[in-house]
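This report refers to the structure that appears directly beneath it.
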Amino acid sequence: MQWIDKQRLRRETLAGTFLNLGSATAVEIAAGVGFDWLLIDLEHGSGSLADLRGMLLACRAGNAAPVVRLRSVDPDTVKFVMDSGAAGVMFPFVSSADEARKAVRCMKYPPLGRRGVAGVIRATDYGRNWQQYFEEANDKSLVIVQIETPEAVAAAEEIAAVEGVDVLFVGPLDLSVNLGHPADFGHPDVANAFQYVVDCCERQGKSAGILTKNGFIRQHKEQGFRLLAFGSDSGAILSGMQNDLTELRS
């Protein structure tokens with residue numbers, strides 16, 4: 001299993017990117033680049049659960065840990081994703097401690113949660129490493145909850161205090177829109193909300209993450225965000241093609 005090293009996550013900045021094309025080829029390319037983690041986006045991305053196994057297999061092109069973002073906190077979907085070999089799950093629009101606890105229950109085996117146990121699954125190398133996986137999955141699987149609303153910011157301390165939650169991941173665009181400052185990531189209300197989430201994580205011994213932007217990478221690192229993502233596969237293709245066209249037209 002390609003788990004995320006949680007000790008590194010507490011000390012260092014781990015670099016990742018979003019993969020929203022639903023393409024195993026794009027995942028394979030990203031995995032070979034050398035990212036620490038990859039976000040396979042099944043919330044806003046083009047891929048589906050039917051595409052997931054191929055994308056997870058493509059992660060073996062490198063050492064990046066695969067995290068899957070879902071559309072909601074759904075136990076059956078979480079079970080399929082984790083059994084398929086994901087290192088963690090990102091849950092969008094978590095705005096309360098109760099919602100965070102539900103996410104944890106979906107992710108963890110008893111007694112910490114209610115995830116169903118199976119032996120012959122991809123995550124256990126089809127049964128060959130069942131005992132090892134079962135013993136380490138509760139500790140090593142990553143539970144990421146997204147902070148995307150004013151209510152979530154207000155509850156960030158309580159959410160960070162939930163046992164089993166590892167990362168509070170700011171969704172900057174949604175949060176800026178919901179704070180009334182669409183895409184204005186430098187607005188004091190938005191920046192202060194970001195910092196408050198980081199501070200809550202620090203107090204509760206958890207990590208903060210964010211999808212960062214050009215011009216904000218250093219600031220977000222200095223603020224204390226540890227699980228950083230930048231860009232996406234679709235964005236990289238678009239910018240690359242635009243640059244190619246510019247060269248051809250020049």
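Ordering of the structure tokens sets the chain letters (A, B, ...), residue numbers begin anew at 1 in every chain, and ligands are numbered from 1 in the order given.
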So that I can see what lies close to Val143 of chain A, please list as an mmCIF file with N, CA, C and O atoms, in the first residue's frame the residues with an atom at most 7 Å from it, counting only C-alpha atoms and leaving out residues fewer than 4 positions away in the same chain.
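As written to disk, part-v2.cif reads:
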```
data_model
loop_
_atom_site.group_PDB
_atom_site.id
_atom_site.type_symbol
_atom_site.label_atom_id
_atom_site.label_comp_id
_atom_site.auth_asym_id
_atom_site.auth_seq_id
_atom_site.Cartn_x
_atom_site.Cartn_y
_atom_site.Cartn_z
ATOM 1 N N GLY A 88 -6.522 7.119 1.185
ATOM 2 C CA GLY A 88 -7.373 7.974 1.989
ATOM 3 C C GLY A 88 -8.518 8.502 1.161
ATOM 4 O O GLY A 88 -8.592 8.290 -0.051
ATOM 5 N N VAL A 89 -9.424 9.195 1.842
ATOM 6 C CA VAL A 89 -10.591 9.775 1.193
ATOM 7 C C VAL A 89 -10.726 11.223 1.621
ATOM 8 O O VAL A 89 -10.521 11.563 2.793
ATOM 9 N N MET A 90 -11.061 12.081 0.653
ATOM 10 C CA MET A 90 -11.373 13.477 0.936
ATOM 11 C C MET A 90 -12.892 13.642 0.853
ATOM 12 O O MET A 90 -13.504 13.302 -0.160
ATOM 13 N N VAL A 104 -15.358 9.456 9.570
ATOM 14 C CA VAL A 104 -14.425 8.543 10.241
ATOM 15 C C VAL A 104 -15.036 7.154 10.365
ATOM 16 O O VAL A 104 -14.367 6.131 10.120
ATOM 17 N N GLY A 164 -9.679 10.500 14.650
ATOM 18 C CA GLY A 164 -9.685 9.852 13.347
ATOM 19 C C GLY A 164 -9.586 10.814 12.186
ATOM 20 O O GLY A 164 -9.210 10.413 11.086
ATOM 21 N N VAL A 165 -9.939 12.082 12.394
ATOM 22 C CA VAL A 165 -9.745 13.093 11.354
ATOM 23 C C VAL A 165 -8.266 13.462 11.324
ATOM 24 O O VAL A 165 -7.660 13.754 12.357
ATOM 25 N N ASP A 166 -7.677 13.462 10.136
ATOM 26 C CA ASP A 166 -6.253 13.761 10.000
ATOM 27 C C ASP A 166 -5.988 15.148 9.442
ATOM 28 O O ASP A 166 -5.044 15.809 9.862
ATOM 29 N N VAL A 167 -6.793 15.568 8.474
ATOM 30 C CA VAL A 167 -6.523 16.815 7.758
ATOM 31 C C VAL A 167 -7.821 17.601 7.590
ATOM 32 O O VAL A 167 -8.856 17.042 7.208
#
```
Contact residues around Gln7 of chain A with only C-alpha atoms at 12 Å, ignoring same-chain residues under 4 positions, as JSON, numbers by chain: {"A": [3, 11, 12, 13, 14, 139, 140, 166, 205, 206, 207, 226]}
Would you output that residue set with C-alpha atoms, as a CSV table (one decimal), in the first residue's frame?
```csv
chain,number,residue,atom,x,y,z
A,3,TRP,CA,0.2,5.2,2.4
A,11,ARG,CA,6.7,18.1,9.9
A,12,GLU,CA,6.9,18.8,6.2
A,13,THR,CA,4.9,20.1,3.2
A,14,LEU,CA,3.7,17.3,1.1
A,139,ASP,CA,-3.8,4.0,11.7
A,140,LYS,CA,-2.5,4.8,8.3
A,166,ASP,CA,-6.3,13.8,10.0
A,205,GLY,CA,-2.5,18.0,16.6
A,206,LYS,CA,-3.9,17.7,13.1
A,207,SER,CA,-2.7,19.0,9.7
A,226,ARG,CA,1.1,21.0,5.2
```
Extract, using only C-alpha atoms, all DNA, RNA and protein residues at most 8 Å from Gly231 of chain A, discarding same-chain residues fewer than 2 positions from it, and format them as an MDAnalysis selection string. chainID A and resid 17:18 211:213 229 233 235:236
Hey, can you spit out that residue selection with C-alpha atoms as a PDB file, in the first residue's frame?
```pdb
ATOM      1  CA  THR A  17      -2.036  17.737  -7.522  1.00  0.00           C
ATOM      2  CA  PHE A  18      -5.656  17.200  -8.535  1.00  0.00           C
ATOM      3  CA  LEU A 211      -5.488  23.699  -3.015  1.00  0.00           C
ATOM      4  CA  THR A 212      -3.067  26.559  -3.460  1.00  0.00           C
ATOM      5  CA  LYS A 213      -2.771  29.028  -6.340  1.00  0.00           C
ATOM      6  CA  ALA A 229      -2.061  20.620  -3.861  1.00  0.00           C
ATOM      7  CA  ASP A 233      -4.120  17.385 -15.020  1.00  0.00           C
ATOM      8  CA  GLY A 235      -5.105  22.625 -16.133  1.00  0.00           C
ATOM      9  CA  ALA A 236      -1.648  21.386 -17.082  1.00  0.00           C
TER      10      ALA A 236
END
```
Could you give me the residues within segment 61-240 of chain A that DSSP places in strand (DSSP E or B), as an MDAnalysis selection string? chainID A and resid 65:69 88:91 142:147 167:170 207:212 227:232
Measuring atom to atom with only C-alpha atoms, identify which of A:Cys59, A:Val117, A:Val198, A:Ile144 is nearest to Ala31 of chain A.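 Smallest distance to Ala31 of chain A is found for A:Cys59.
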Straight-line distance linking atom CA of Gly34 of chain A with atom CA of Met241 of chain A, stated in Å to one decimal: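 Rounded to one decimal, the two atoms are 22.2 Å apart.
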Hey, what's within 8 Å of Leu70 of chain A if we count only C-alpha atoms and toss same-chain stuff fewer than 6 positions away? As a PyMOL selection string, please? chain A and resi 41-43+89-92
Enumerate the residues of segment 98-214 of chain A with a DSSP assignment of alpha helix (DSSP H), computed from the backbone, and present them as a PyMOL selection string. chain A and resi 98-107+130-140+150-154+156-160+172-178+188-204
Give me the residues near Met82 of chain A as a list in words, where near means some atom within 10 Å (using only C-alpha atoms) and where sequence neighbours in that chain fewer than 3 positions away do not count.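 Contacts, in chain order: Val67, Val68, Thr77, Val78, Lys79, Gly85, Ala86, Ala87, Gly88, Val89, Cys106, Met107, Lys108, Arg115, Ile121, Arg122, Ala123, Ala137 and Ser141 of chain A.
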Limited to N, CA and C atoms, could you put the picked residues into a file as an mmCIF file, in the first residue's frame?
```cif
data_model
loop_
_atom_site.group_PDB
_atom_site.id
_atom_site.type_symbol
_atom_site.label_atom_id
_atom_site.label_comp_id
_atom_site.auth_asym_id
_atom_site.auth_seq_id
_atom_site.Cartn_x
_atom_site.Cartn_y
_atom_site.Cartn_z
ATOM 1 N N VAL A 67 -5.274 9.533 -3.045
ATOM 2 C CA VAL A 67 -6.423 9.938 -2.238
ATOM 3 C C VAL A 67 -7.587 10.171 -3.195
ATOM 4 N N VAL A 68 -8.783 9.766 -2.806
ATOM 5 C CA VAL A 68 -9.955 9.888 -3.663
ATOM 6 C C VAL A 68 -10.950 10.858 -3.029
ATOM 7 N N THR A 77 -19.846 3.652 -0.771
ATOM 8 C CA THR A 77 -18.837 4.147 -1.717
ATOM 9 C C THR A 77 -17.465 4.181 -1.074
ATOM 10 N N VAL A 78 -17.399 4.615 0.182
ATOM 11 C CA VAL A 78 -16.121 4.642 0.887
ATOM 12 C C VAL A 78 -15.529 3.237 0.972
ATOM 13 N N LYS A 79 -16.361 2.272 1.272
ATOM 14 C CA LYS A 79 -15.885 0.889 1.376
ATOM 15 C C LYS A 79 -15.285 0.414 0.054
ATOM 16 N N GLY A 85 -7.933 0.146 -2.842
ATOM 17 C CA GLY A 85 -6.534 0.479 -2.622
ATOM 18 C C GLY A 85 -6.219 1.942 -2.460
ATOM 19 N N ALA A 86 -7.212 2.772 -2.160
ATOM 20 C CA ALA A 86 -6.936 4.183 -1.878
ATOM 21 C C ALA A 86 -6.236 4.319 -0.529
ATOM 22 N N ALA A 87 -5.363 5.328 -0.441
ATOM 23 C CA ALA A 87 -4.681 5.599 0.825
ATOM 24 C C ALA A 87 -5.522 6.457 1.747
ATOM 25 N N GLY A 88 -6.522 7.119 1.185
ATOM 26 C CA GLY A 88 -7.373 7.974 1.989
ATOM 27 C C GLY A 88 -8.518 8.502 1.161
ATOM 28 N N VAL A 89 -9.424 9.195 1.842
ATOM 29 C CA VAL A 89 -10.591 9.775 1.193
ATOM 30 C C VAL A 89 -10.726 11.223 1.621
ATOM 31 N N CYS A 106 -17.121 5.703 8.477
ATOM 32 C CA CYS A 106 -17.091 5.036 7.167
ATOM 33 C C CYS A 106 -15.711 4.477 6.847
ATOM 34 N N MET A 107 -14.689 5.157 7.300
ATOM 35 C CA MET A 107 -13.316 4.848 6.901
ATOM 36 C C MET A 107 -12.654 3.760 7.726
ATOM 37 N N LYS A 108 -13.031 3.629 8.978
ATOM 38 C CA LYS A 108 -12.265 2.803 9.908
ATOM 39 C C LYS A 108 -12.962 1.482 10.224
ATOM 40 N N ARG A 115 -16.520 0.201 8.968
ATOM 41 C CA ARG A 115 -16.149 -0.293 7.645
ATOM 42 C C ARG A 115 -16.201 -1.812 7.621
ATOM 43 N N ILE A 121 -9.303 -8.539 -1.446
ATOM 44 C CA ILE A 121 -9.542 -7.250 -2.094
ATOM 45 C C ILE A 121 -8.205 -6.707 -2.592
ATOM 46 N N ARG A 122 -8.255 -5.728 -3.472
ATOM 47 C CA ARG A 122 -7.012 -5.192 -4.024
ATOM 48 C C ARG A 122 -6.137 -4.584 -2.937
ATOM 49 N N ALA A 123 -6.745 -3.932 -1.950
ATOM 50 C CA ALA A 123 -5.969 -3.275 -0.901
ATOM 51 C C ALA A 123 -5.112 -4.261 -0.110
ATOM 52 N N ALA A 137 -4.478 -0.430 8.658
ATOM 53 C CA ALA A 137 -5.383 0.443 7.911
ATOM 54 C C ALA A 137 -5.998 1.534 8.781
ATOM 55 N N SER A 141 -4.675 4.963 7.181
ATOM 56 C CA SER A 141 -5.590 5.569 6.204
ATOM 57 C C SER A 141 -5.846 7.020 6.581
#
```
Identify, on the basis of only C-alpha atoms, every residue whose closest approach to Gly32 of chain A does not exceed 9 Å; exclude the query and any residue fewer than 5 positions from it along the same chain; express the result as an MDAnalysis selection string. chainID A and resid 27 59:64
Can you tell me which residues surround Gly16 of chain A at a distance of at most 7 Å, considering only C-alpha atoms, apart from same-chain residues fewer than 4 positions away, and format the answer as number ranges by chain? A: 35-38, 228-230
If you measure from atom CA of Leu49 of chain A to atom CA of Trp130 of chain A, what distance in Å do you get, rounded to one decimal?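 For atom CA of Leu49 of chain A relative to atom CA of Trp130 of chain A, the distance reads 23.1 Å.
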Could you check which of A:Ala100, A:Leu39, A:Leu21, A:Leu245 is closest to Ala161 of chain A, using only C-alpha atoms?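 Ranking A:Ala100, A:Leu39, A:Leu21, A:Leu245 by distance to Ala161 of chain A, first place goes to A:Ala100.
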What separation in Å, quoted to one decimal, exists between atom CA of Phe93 of chain A and atom CA of Val170 of chain A?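 Separating atom CA of Phe93 of chain A from atom CA of Val170 of chain A is a distance of 9.7 Å.
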